[in-house]
Amino acid sequence: MAVSGGLLRLETPGHGAIVDITEGVSRVLATSDVEHGVATVFVTGSTAAITTMEHEPGGVVDLQALLERLIPVAADYEHNRRNHDTNAYAHLRAALIGPSESVPIVAGRLVLGTWQQLVLLDFDDRPRQRTVTVTIVS
Ligand code: ZN
């Protein structure tokens, strides 16, 4: 078993921004000689998440609207009350979606669909610098 990888560093505006990181992950993969294996993509932080979706403007708005229906920004949260904080919704959305994805690598490429992009979701209520760790196992 061999392990390689790299980091992506991104600035986001927060507030539910959904950023396509497929190209960045593919660039990390290209620095390895891996033909078959798996890439795990993990974001550090409790107010951000990683998933896959069709990253187009309508899909982005629809996912943001769904999350607002499920976990509204303006609601009564214990995290905010106990910690004098404002971003409980961001922690909950991040926990729901999760911080990572694993993508198979076949013939040196990520096995993603044509309309399937890897995305970073930043739910915090302010701009953030994010680090995404790409680990390639073969
Ligand atoms: Zn918080």
# chains A, B, ... in the order shown; residues from 1 in each chain; ligands from 1
call {"tool": "residues_around", "arguments": {"residues": "Val25 (chain A)", "least_positions_apart": "3", "cutoff": "12 Å", "atoms": "only C-alpha atoms", "output": "ChimeraX atom specification"}}
result
/A:5-9,20-22,28-32,38-42,101-103,105,109-110,112,117-120,132-136
call {"tool": "write_last_selection", "arguments": {"atoms": "C-alpha atoms", "output": "CSV table (one decimal), in the first residue's frame"}}
result
chain,number,residue,atom,x,y,z
A,5,GLY,CA,-1.6,13.4,-1.5
A,6,GLY,CA,-1.6,17.1,-1.0
A,7,LEU,CA,-3.5,20.1,0.3
A,8,LEU,CA,-5.9,22.5,-1.3
A,9,ARG,CA,-6.2,25.9,0.4
A,20,ASP,CA,-16.2,23.2,-7.1
A,21,ILE,CA,-12.9,21.6,-6.0
A,22,THR,CA,-12.9,18.8,-8.6
A,28,VAL,CA,-3.2,16.6,-6.6
A,29,LEU,CA,-4.0,13.2,-8.2
A,30,ALA,CA,-1.9,14.1,-11.3
A,31,THR,CA,1.2,14.6,-9.0
A,32,SER,CA,1.0,10.9,-8.1
A,38,VAL,CA,-8.9,5.7,-3.8
A,39,ALA,CA,-8.8,9.5,-3.1
A,40,THR,CA,-10.2,10.7,0.2
A,41,VAL,CA,-11.1,14.4,0.3
A,42,PHE,CA,-11.5,15.9,3.8
A,101,GLU,CA,-15.8,11.9,0.4
A,102,SER,CA,-13.9,8.9,-1.0
A,103,VAL,CA,-13.6,8.7,-4.7
A,105,ILE,CA,-9.3,6.1,-9.0
A,109,ARG,CA,-8.6,9.4,-13.0
A,110,LEU,CA,-11.3,10.1,-10.5
A,112,LEU,CA,-16.8,10.9,-11.2
A,117,GLN,CA,-18.4,17.5,-9.2
A,118,LEU,CA,-16.7,17.4,-5.8
A,119,VAL,CA,-17.7,20.4,-3.8
A,120,LEU,CA,-16.7,22.2,-0.6
A,132,VAL,CA,-8.8,20.4,2.2
A,133,THR,CA,-6.6,17.3,2.6
A,134,VAL,CA,-6.5,14.9,-0.3
A,135,THR,CA,-5.1,11.5,0.6
A,136,ILE,CA,-4.4,9.0,-2.2
call {"tool": "select_by_dssp", "arguments": {"residues": "region 14-119 of chain A", "states": "strand (DSSP E or B)", "output": "PDB file with N, CA and C atoms, in the first residue's frame"}}
result
ATOM      1  N   ALA A  17     -21.575  29.095   0.847  1.00  0.00           N
ATOM      2  CA  ALA A  17     -20.910  29.028  -0.465  1.00  0.00           C
ATOM      3  C   ALA A  17     -20.620  27.571  -0.830  1.00  0.00           C
ATOM      4  N   ILE A  18     -20.823  27.242  -2.091  1.00  0.00           N
ATOM      5  CA  ILE A  18     -20.565  25.893  -2.596  1.00  0.00           C
ATOM      6  C   ILE A  18     -19.534  26.020  -3.719  1.00  0.00           C
ATOM      7  N   VAL A  19     -18.334  25.482  -3.459  1.00  0.00           N
ATOM      8  CA  VAL A  19     -17.185  25.695  -4.345  1.00  0.00           C
ATOM      9  C   VAL A  19     -16.802  24.376  -5.006  1.00  0.00           C
ATOM     10  N   ASP A  20     -16.664  24.376  -6.321  1.00  0.00           N
ATOM     11  CA  ASP A  20     -16.234  23.188  -7.074  1.00  0.00           C
ATOM     12  C   ASP A  20     -14.727  22.987  -6.858  1.00  0.00           C
ATOM     13  N   GLY A  37      -6.795   3.123  -7.170  1.00  0.00           N
ATOM     14  CA  GLY A  37      -6.767   3.354  -5.737  1.00  0.00           C
ATOM     15  C   GLY A  37      -7.989   4.135  -5.314  1.00  0.00           C
ATOM     16  N   VAL A  38      -7.815   4.929  -4.275  1.00  0.00           N
ATOM     17  CA  VAL A  38      -8.924   5.746  -3.788  1.00  0.00           C
ATOM     18  C   VAL A  38      -8.372   7.080  -3.303  1.00  0.00           C
ATOM     19  N   ALA A  39      -9.118   8.138  -3.570  1.00  0.00           N
ATOM     20  CA  ALA A  39      -8.772   9.473  -3.065  1.00  0.00           C
ATOM     21  C   ALA A  39      -9.789   9.852  -2.000  1.00  0.00           C
ATOM     22  N   THR A  40      -9.318  10.155  -0.813  1.00  0.00           N
ATOM     23  CA  THR A  40     -10.219  10.712   0.186  1.00  0.00           C
ATOM     24  C   THR A  40      -9.988  12.220   0.220  1.00  0.00           C
ATOM     25  N   VAL A  41     -11.092  12.929   0.349  1.00  0.00           N
ATOM     26  CA  VAL A  41     -11.075  14.394   0.311  1.00  0.00           C
ATOM     27  C   VAL A  41     -11.748  14.858   1.588  1.00  0.00           C
ATOM     28  N   PHE A  42     -10.998  15.551   2.450  1.00  0.00           N
ATOM     29  CA  PHE A  42     -11.473  15.863   3.803  1.00  0.00           C
ATOM     30  C   PHE A  42     -11.257  17.345   4.097  1.00  0.00           C
ATOM     31  N   VAL A  43     -12.293  18.009   4.577  1.00  0.00           N
ATOM     32  CA  VAL A  43     -12.132  19.411   4.986  1.00  0.00           C
ATOM     33  C   VAL A  43     -12.039  19.487   6.509  1.00  0.00           C
ATOM     34  N   ALA A  48     -17.870  23.257   7.827  1.00  0.00           N
ATOM     35  CA  ALA A  48     -17.725  23.042   6.384  1.00  0.00           C
ATOM     36  C   ALA A  48     -17.965  21.566   6.087  1.00  0.00           C
ATOM     37  N   ALA A  49     -18.213  21.259   4.823  1.00  0.00           N
ATOM     38  CA  ALA A  49     -18.529  19.883   4.430  1.00  0.00           C
ATOM     39  C   ALA A  49     -18.056  19.633   3.010  1.00  0.00           C
ATOM     40  N   ILE A  50     -18.003  18.346   2.668  1.00  0.00           N
ATOM     41  CA  ILE A  50     -17.631  17.912   1.318  1.00  0.00           C
ATOM     42  C   ILE A  50     -18.721  16.957   0.824  1.00  0.00           C
ATOM     43  N   THR A  51     -19.152  17.140  -0.418  1.00  0.00           N
ATOM     44  CA  THR A  51     -20.042  16.170  -1.043  1.00  0.00           C
ATOM     45  C   THR A  51     -19.834  16.214  -2.546  1.00  0.00           C
ATOM     46  N   THR A  52     -20.666  15.488  -3.287  1.00  0.00           N
ATOM     47  CA  THR A  52     -20.670  15.628  -4.742  1.00  0.00           C
ATOM     48  C   THR A  52     -22.055  16.057  -5.176  1.00  0.00           C
ATOM     49  N   MET A  53     -22.105  16.777  -6.303  1.00  0.00           N
ATOM     50  CA  MET A  53     -23.372  17.248  -6.859  1.00  0.00           C
ATOM     51  C   MET A  53     -23.121  17.703  -8.291  1.00  0.00           C
ATOM     52  N   SER A 100     -16.158  14.597   4.499  1.00  0.00           N
ATOM     53  CA  SER A 100     -15.281  13.947   3.517  1.00  0.00           C
ATOM     54  C   SER A 100     -16.049  13.099   2.508  1.00  0.00           C
ATOM     55  N   GLU A 101     -15.368  12.811   1.424  1.00  0.00           N
ATOM     56  CA  GLU A 101     -15.836  11.854   0.421  1.00  0.00           C
ATOM     57  C   GLU A 101     -14.644  10.992   0.024  1.00  0.00           C
ATOM     58  N   SER A 102     -14.923   9.774  -0.403  1.00  0.00           N
ATOM     59  CA  SER A 102     -13.909   8.892  -0.973  1.00  0.00           C
ATOM     60  C   SER A 102     -14.288   8.623  -2.413  1.00  0.00           C
ATOM     61  N   VAL A 103     -13.342   8.826  -3.319  1.00  0.00           N
ATOM     62  CA  VAL A 103     -13.618   8.652  -4.749  1.00  0.00           C
ATOM     63  C   VAL A 103     -12.646   7.611  -5.313  1.00  0.00           C
ATOM     64  N   PRO A 104     -13.161   6.574  -5.960  1.00  0.00           N
ATOM     65  CA  PRO A 104     -12.257   5.601  -6.578  1.00  0.00           C
ATOM     66  C   PRO A 104     -11.416   6.253  -7.685  1.00  0.00           C
ATOM     67  N   ILE A 105     -10.229   5.704  -7.858  1.00  0.00           N
ATOM     68  CA  ILE A 105      -9.341   6.114  -8.951  1.00  0.00           C
ATOM     69  C   ILE A 105      -9.169   4.908  -9.873  1.00  0.00           C
ATOM     70  N   VAL A 106      -9.501   5.094 -11.136  1.00  0.00           N
ATOM     71  CA  VAL A 106      -9.329   4.027 -12.135  1.00  0.00           C
ATOM     72  C   VAL A 106      -8.630   4.644 -13.339  1.00  0.00           C
ATOM     73  N   ARG A 109      -7.600   8.277 -13.080  1.00  0.00           N
ATOM     74  CA  ARG A 109      -8.594   9.364 -13.024  1.00  0.00           C
ATOM     75  C   ARG A 109      -9.635   9.102 -11.942  1.00  0.00           C
ATOM     76  N   LEU A 110     -10.191  10.192 -11.426  1.00  0.00           N
ATOM     77  CA  LEU A 110     -11.293  10.079 -10.469  1.00  0.00           C
ATOM     78  C   LEU A 110     -12.517   9.527 -11.194  1.00  0.00           C
ATOM     79  N   GLN A 117     -19.606  16.770  -9.617  1.00  0.00           N
ATOM     80  CA  GLN A 117     -18.417  17.477  -9.168  1.00  0.00           C
ATOM     81  C   GLN A 117     -18.230  17.293  -7.659  1.00  0.00           C
ATOM     82  N   LEU A 118     -16.977  17.320  -7.241  1.00  0.00           N
ATOM     83  CA  LEU A 118     -16.660  17.371  -5.811  1.00  0.00           C
ATOM     84  C   LEU A 118     -16.781  18.822  -5.358  1.00  0.00           C
ATOM     85  N   VAL A 119     -17.525  19.044  -4.281  1.00  0.00           N
ATOM     86  CA  VAL A 119     -17.730  20.422  -3.828  1.00  0.00           C
ATOM     87  C   VAL A 119     -17.417  20.567  -2.339  1.00  0.00           C
TER      88      VAL A 119
END
call {"tool": "residues_near_ligand", "arguments": {"ligand": "ligand 1", "cutoff": "7 Å", "atoms": "only C-alpha atoms and all ligand atoms", "output": "number ranges by chain"}}
result
A: 79-80, 85-88, 91
call {"tool": "closest_residue", "arguments": {"among": "A:Arg69, A:His15, A:Arg27, A:Arg128", "to": "Thr44 (chain A)", "atoms": "only C-alpha atoms"}}
result
A:Arg128
call {"tool": "residues_around", "arguments": {"residues": "Pro72 (chain A)", "least_positions_apart": "5", "cutoff": "12 Å", "atoms": "only C-alpha atoms", "output": "PDB file with all heavy atoms, in the first residue's frame"}}
result
ATOM      1  N   GLY A  16     -22.762  29.600   3.270  1.00  0.00           N
ATOM      2  CA  GLY A  16     -23.334  28.561   2.423  1.00  0.00           C
ATOM      3  C   GLY A  16     -22.714  28.460   1.041  1.00  0.00           C
ATOM      4  O   GLY A  16     -23.276  27.781   0.168  1.00  0.00           O
ATOM      5  N   GLN A  64     -28.854  24.995  -1.457  1.00  0.00           N
ATOM      6  CA  GLN A  64     -28.848  26.013  -0.395  1.00  0.00           C
ATOM      7  C   GLN A  64     -30.251  26.202   0.184  1.00  0.00           C
ATOM      8  O   GLN A  64     -30.424  26.328   1.398  1.00  0.00           O
ATOM      9  CB  GLN A  64     -28.290  27.333  -0.938  1.00  0.00           C
ATOM     10  CG  GLN A  64     -26.794  27.253  -1.235  1.00  0.00           C
ATOM     11  CD  GLN A  64     -26.284  28.425  -2.049  1.00  0.00           C
ATOM     12  OE1 GLN A  64     -27.028  29.041  -2.817  1.00  0.00           O
ATOM     13  NE2 GLN A  64     -25.004  28.736  -1.879  1.00  0.00           N
ATOM     14  N   ALA A  65     -31.270  26.194  -0.686  1.00  0.00           N
ATOM     15  CA  ALA A  65     -32.653  26.374  -0.220  1.00  0.00           C
ATOM     16  C   ALA A  65     -33.107  25.171   0.606  1.00  0.00           C
ATOM     17  O   ALA A  65     -33.798  25.322   1.623  1.00  0.00           O
ATOM     18  CB  ALA A  65     -33.584  26.587  -1.417  1.00  0.00           C
ATOM     19  N   LEU A  66     -32.720  23.974   0.192  1.00  0.00           N
ATOM     20  CA  LEU A  66     -33.074  22.764   0.949  1.00  0.00           C
ATOM     21  C   LEU A  66     -32.486  22.829   2.351  1.00  0.00           C
ATOM     22  O   LEU A  66     -33.178  22.542   3.342  1.00  0.00           O
ATOM     23  CB  LEU A  66     -32.560  21.521   0.223  1.00  0.00           C
ATOM     24  CG  LEU A  66     -32.678  20.224   1.033  1.00  0.00           C
ATOM     25  CD1 LEU A  66     -34.135  19.846   1.257  1.00  0.00           C
ATOM     26  CD2 LEU A  66     -31.922  19.084   0.354  1.00  0.00           C
ATOM     27  N   LEU A  67     -31.219  23.212   2.438  1.00  0.00           N
ATOM     28  CA  LEU A  67     -30.564  23.265   3.756  1.00  0.00           C
ATOM     29  C   LEU A  67     -31.203  24.341   4.632  1.00  0.00           C
ATOM     30  O   LEU A  67     -31.306  24.177   5.850  1.00  0.00           O
ATOM     31  CB  LEU A  67     -29.059  23.485   3.589  1.00  0.00           C
ATOM     32  CG  LEU A  67     -28.338  22.263   3.003  1.00  0.00           C
ATOM     33  CD1 LEU A  67     -26.934  22.628   2.543  1.00  0.00           C
ATOM     34  CD2 LEU A  67     -28.290  21.134   4.021  1.00  0.00           C
ATOM     35  N   TYR A  77     -31.245  27.730  18.927  1.00  0.00           N
ATOM     36  CA  TYR A  77     -30.271  26.648  19.059  1.00  0.00           C
ATOM     37  C   TYR A  77     -29.544  26.724  20.399  1.00  0.00           C
ATOM     38  O   TYR A  77     -29.118  27.811  20.812  1.00  0.00           O
ATOM     39  CB  TYR A  77     -29.231  26.723  17.942  1.00  0.00           C
ATOM     40  CG  TYR A  77     -29.795  26.514  16.556  1.00  0.00           C
ATOM     41  CD1 TYR A  77     -29.881  27.570  15.651  1.00  0.00           C
ATOM     42  CD2 TYR A  77     -30.236  25.261  16.145  1.00  0.00           C
ATOM     43  CE1 TYR A  77     -30.384  27.387  14.376  1.00  0.00           C
ATOM     44  CE2 TYR A  77     -30.748  25.067  14.868  1.00  0.00           C
ATOM     45  CZ  TYR A  77     -30.816  26.134  13.991  1.00  0.00           C
ATOM     46  OH  TYR A  77     -31.322  25.951  12.733  1.00  0.00           O
ATOM     47  N   ASN A  87     -23.502  30.564  15.027  1.00  0.00           N
ATOM     48  CA  ASN A  87     -23.394  29.703  13.845  1.00  0.00           C
ATOM     49  C   ASN A  87     -23.811  28.256  14.117  1.00  0.00           C
ATOM     50  O   ASN A  87     -23.321  27.340  13.443  1.00  0.00           O
ATOM     51  CB  ASN A  87     -21.973  29.756  13.276  1.00  0.00           C
ATOM     52  CG  ASN A  87     -20.947  29.156  14.234  1.00  0.00           C
ATOM     53  OD1 ASN A  87     -21.266  28.841  15.383  1.00  0.00           O
ATOM     54  ND2 ASN A  87     -19.732  29.010  13.750  1.00  0.00           N
ATOM     55  N   ALA A  88     -24.732  28.045  15.024  1.00  0.00           N
ATOM     56  CA  ALA A  88     -25.187  26.678  15.295  1.00  0.00           C
ATOM     57  C   ALA A  88     -25.670  26.001  14.015  1.00  0.00           C
ATOM     58  O   ALA A  88     -25.381  24.828  13.773  1.00  0.00           O
ATOM     59  CB  ALA A  88     -26.298  26.684  16.341  1.00  0.00           C
ATOM     60  N   TYR A  89     -26.425  26.725  13.203  1.00  0.00           N
ATOM     61  CA  TYR A  89     -26.930  26.136  11.948  1.00  0.00           C
ATOM     62  C   TYR A  89     -25.781  25.628  11.086  1.00  0.00           C
ATOM     63  O   TYR A  89     -25.911  24.625  10.396  1.00  0.00           O
ATOM     64  CB  TYR A  89     -27.781  27.169  11.177  1.00  0.00           C
ATOM     65  CG  TYR A  89     -26.947  28.275  10.582  1.00  0.00           C
ATOM     66  CD1 TYR A  89     -26.504  28.187   9.271  1.00  0.00           C
ATOM     67  CD2 TYR A  89     -26.561  29.359  11.350  1.00  0.00           C
ATOM     68  CE1 TYR A  89     -25.706  29.178   8.736  1.00  0.00           C
ATOM     69  CE2 TYR A  89     -25.761  30.353  10.820  1.00  0.00           C
ATOM     70  CZ  TYR A  89     -25.330  30.258   9.517  1.00  0.00           C
ATOM     71  OH  TYR A  89     -24.524  31.228   9.006  1.00  0.00           O
ATOM     72  N   ALA A  90     -24.648  26.340  11.110  1.00  0.00           N
ATOM     73  CA  ALA A  90     -23.498  25.941  10.286  1.00  0.00           C
ATOM     74  C   ALA A  90     -22.911  24.621  10.776  1.00  0.00           C
ATOM     75  O   ALA A  90     -22.561  23.740   9.984  1.00  0.00           O
ATOM     76  CB  ALA A  90     -22.435  27.038  10.304  1.00  0.00           C
ATOM     77  N   HIS A  91     -22.810  24.450  12.104  1.00  0.00           N
ATOM     78  CA  HIS A  91     -22.323  23.184  12.655  1.00  0.00           C
ATOM     79  C   HIS A  91     -23.265  22.037  12.287  1.00  0.00           C
ATOM     80  O   HIS A  91     -22.830  20.940  11.934  1.00  0.00           O
ATOM     81  CB  HIS A  91     -22.222  23.262  14.181  1.00  0.00           C
ATOM     82  CG  HIS A  91     -21.205  24.235  14.677  1.00  0.00           C
ATOM     83  ND1 HIS A  91     -19.865  24.121  14.417  1.00  0.00           N
ATOM     84  CD2 HIS A  91     -21.336  25.350  15.441  1.00  0.00           C
ATOM     85  CE1 HIS A  91     -19.203  25.122  15.001  1.00  0.00           C
ATOM     86  NE2 HIS A  91     -20.083  25.888  15.629  1.00  0.00           N
ATOM     87  N   LEU A  92     -24.569  22.286  12.375  1.00  0.00           N
ATOM     88  CA  LEU A  92     -25.548  21.231  12.105  1.00  0.00           C
ATOM     89  C   LEU A  92     -25.542  20.832  10.633  1.00  0.00           C
ATOM     90  O   LEU A  92     -25.591  19.646  10.286  1.00  0.00           O
ATOM     91  CB  LEU A  92     -26.941  21.683  12.531  1.00  0.00           C
ATOM     92  CG  LEU A  92     -27.103  21.897  14.041  1.00  0.00           C
ATOM     93  CD1 LEU A  92     -28.454  22.533  14.344  1.00  0.00           C
ATOM     94  CD2 LEU A  92     -26.951  20.595  14.793  1.00  0.00           C
ATOM     95  N   ARG A  93     -25.467  21.812   9.750  1.00  0.00           N
ATOM     96  CA  ARG A  93     -25.423  21.499   8.313  1.00  0.00           C
ATOM     97  C   ARG A  93     -24.155  20.720   7.983  1.00  0.00           C
ATOM     98  O   ARG A  93     -24.185  19.767   7.189  1.00  0.00           O
ATOM     99  CB  ARG A  93     -25.482  22.786   7.490  1.00  0.00           C
ATOM    100  CG  ARG A  93     -26.826  23.483   7.581  1.00  0.00           C
ATOM    101  CD  ARG A  93     -26.823  24.787   6.811  1.00  0.00           C
ATOM    102  NE  ARG A  93     -28.069  25.521   7.024  1.00  0.00           N
ATOM    103  CZ  ARG A  93     -28.412  26.614   6.366  1.00  0.00           C
ATOM    104  NH1 ARG A  93     -27.624  27.113   5.440  1.00  0.00           N
ATOM    105  NH2 ARG A  93     -29.560  27.217   6.626  1.00  0.00           N
ATOM    106  N   PHE A 123     -20.377  26.710   5.476  1.00  0.00           N
ATOM    107  CA  PHE A 123     -21.602  27.207   6.110  1.00  0.00           C
ATOM    108  C   PHE A 123     -21.368  28.310   7.123  1.00  0.00           C
ATOM    109  O   PHE A 123     -22.329  28.859   7.665  1.00  0.00           O
ATOM    110  CB  PHE A 123     -22.314  26.046   6.826  1.00  0.00           C
ATOM    111  CG  PHE A 123     -22.702  24.945   5.907  1.00  0.00           C
ATOM    112  CD1 PHE A 123     -22.178  23.676   6.059  1.00  0.00           C
ATOM    113  CD2 PHE A 123     -23.593  25.178   4.869  1.00  0.00           C
ATOM    114  CE1 PHE A 123     -22.536  22.651   5.205  1.00  0.00           C
ATOM    115  CE2 PHE A 123     -23.958  24.159   3.998  1.00  0.00           C
ATOM    116  CZ  PHE A 123     -23.428  22.900   4.171  1.00  0.00           C
TER     117      PHE A 123
END
call {"tool": "select_by_dssp", "arguments": {"residues": "chain A", "states": "helix (DSSP H, G or I)", "output": "PyMOL selection string"}}
result
chain A and resi 22-30+57-70+78-83+88-97
call {"tool": "atom_distance", "arguments": {"atom1": "CA of Ser138 (chain A)", "atom2": "CA of Glu35 (chain A)"}}
result
8.0 Å
call {"tool": "closest_residue", "arguments": {"among": "A:Asp62, A:Ile97, A:Arg130, A:Gly108", "to": "Ser26 (chain A)", "atoms": "only C-alpha atoms"}}
result
A:Gly108
call {"tool": "closest_residue", "arguments": {"among": "A:Glu54, A:Val60, A:Ala2, A:Ala95", "to": "Val34 (chain A)", "atoms": "only C-alpha atoms"}}
result
A:Ala2
call {"tool": "atom_distance", "arguments": {"atom1": "CA of Gly58 (chain A)", "atom2": "CA of Trp115 (chain A)"}}
result
13.1 Å
call {"tool": "atom_distance", "arguments": {"atom1": "CA of Ser46 (chain A)", "atom2": "CA of Gly113 (chain A)"}}
result
27.9 Å
call {"tool": "closest_residue", "arguments": {"among": "A:Asp33, A:Pro99, A:Ala74, A:His55", "to": "Thr131 (chain A)", "atoms": "only C-alpha atoms"}}
result
A:Pro99
call {"tool": "decode", "arguments": {"residues": "region 59-79 of chain A", "atoms": "C-alpha atoms", "output": "mmCIF file, in the first residue's frame"}}
result
data_model
loop_
_atom_site.group_PDB
_atom_site.id
_atom_site.type_symbol
_atom_site.label_atom_id
_atom_site.label_comp_id
_atom_site.auth_asym_id
_atom_site.auth_seq_id
_atom_site.Cartn_x
_atom_site.Cartn_y
_atom_site.Cartn_z
ATOM 1 C CA GLY A 59 -28.462 23.083 -8.373
ATOM 2 C CA VAL A 60 -26.448 25.301 -6.048
ATOM 3 C CA VAL A 61 -29.493 27.473 -5.246
ATOM 4 C CA ASP A 62 -31.695 24.397 -4.776
ATOM 5 C CA LEU A 63 -29.266 22.756 -2.327
ATOM 6 C CA GLN A 64 -28.848 26.013 -0.395
ATOM 7 C CA ALA A 65 -32.653 26.374 -0.220
ATOM 8 C CA LEU A 66 -33.074 22.764 0.949
ATOM 9 C CA LEU A 67 -30.564 23.265 3.756
ATOM 10 C CA GLU A 68 -32.312 26.476 4.798
ATOM 11 C CA ARG A 69 -35.628 24.565 5.003
ATOM 12 C CA LEU A 70 -34.043 21.728 7.000
ATOM 13 C CA ILE A 71 -31.771 23.797 9.253
ATOM 14 C CA PRO A 72 -32.755 27.489 9.180
ATOM 15 C CA VAL A 73 -30.192 30.170 10.000
ATOM 16 C CA ALA A 74 -32.697 31.910 12.248
ATOM 17 C CA ALA A 75 -33.900 29.359 14.772
ATOM 18 C CA ASP A 76 -33.458 28.656 18.471
ATOM 19 C CA TYR A 77 -30.271 26.648 19.059
ATOM 20 C CA GLU A 78 -28.627 25.510 22.309
ATOM 21 C CA HIS A 79 -25.123 25.945 20.825
#
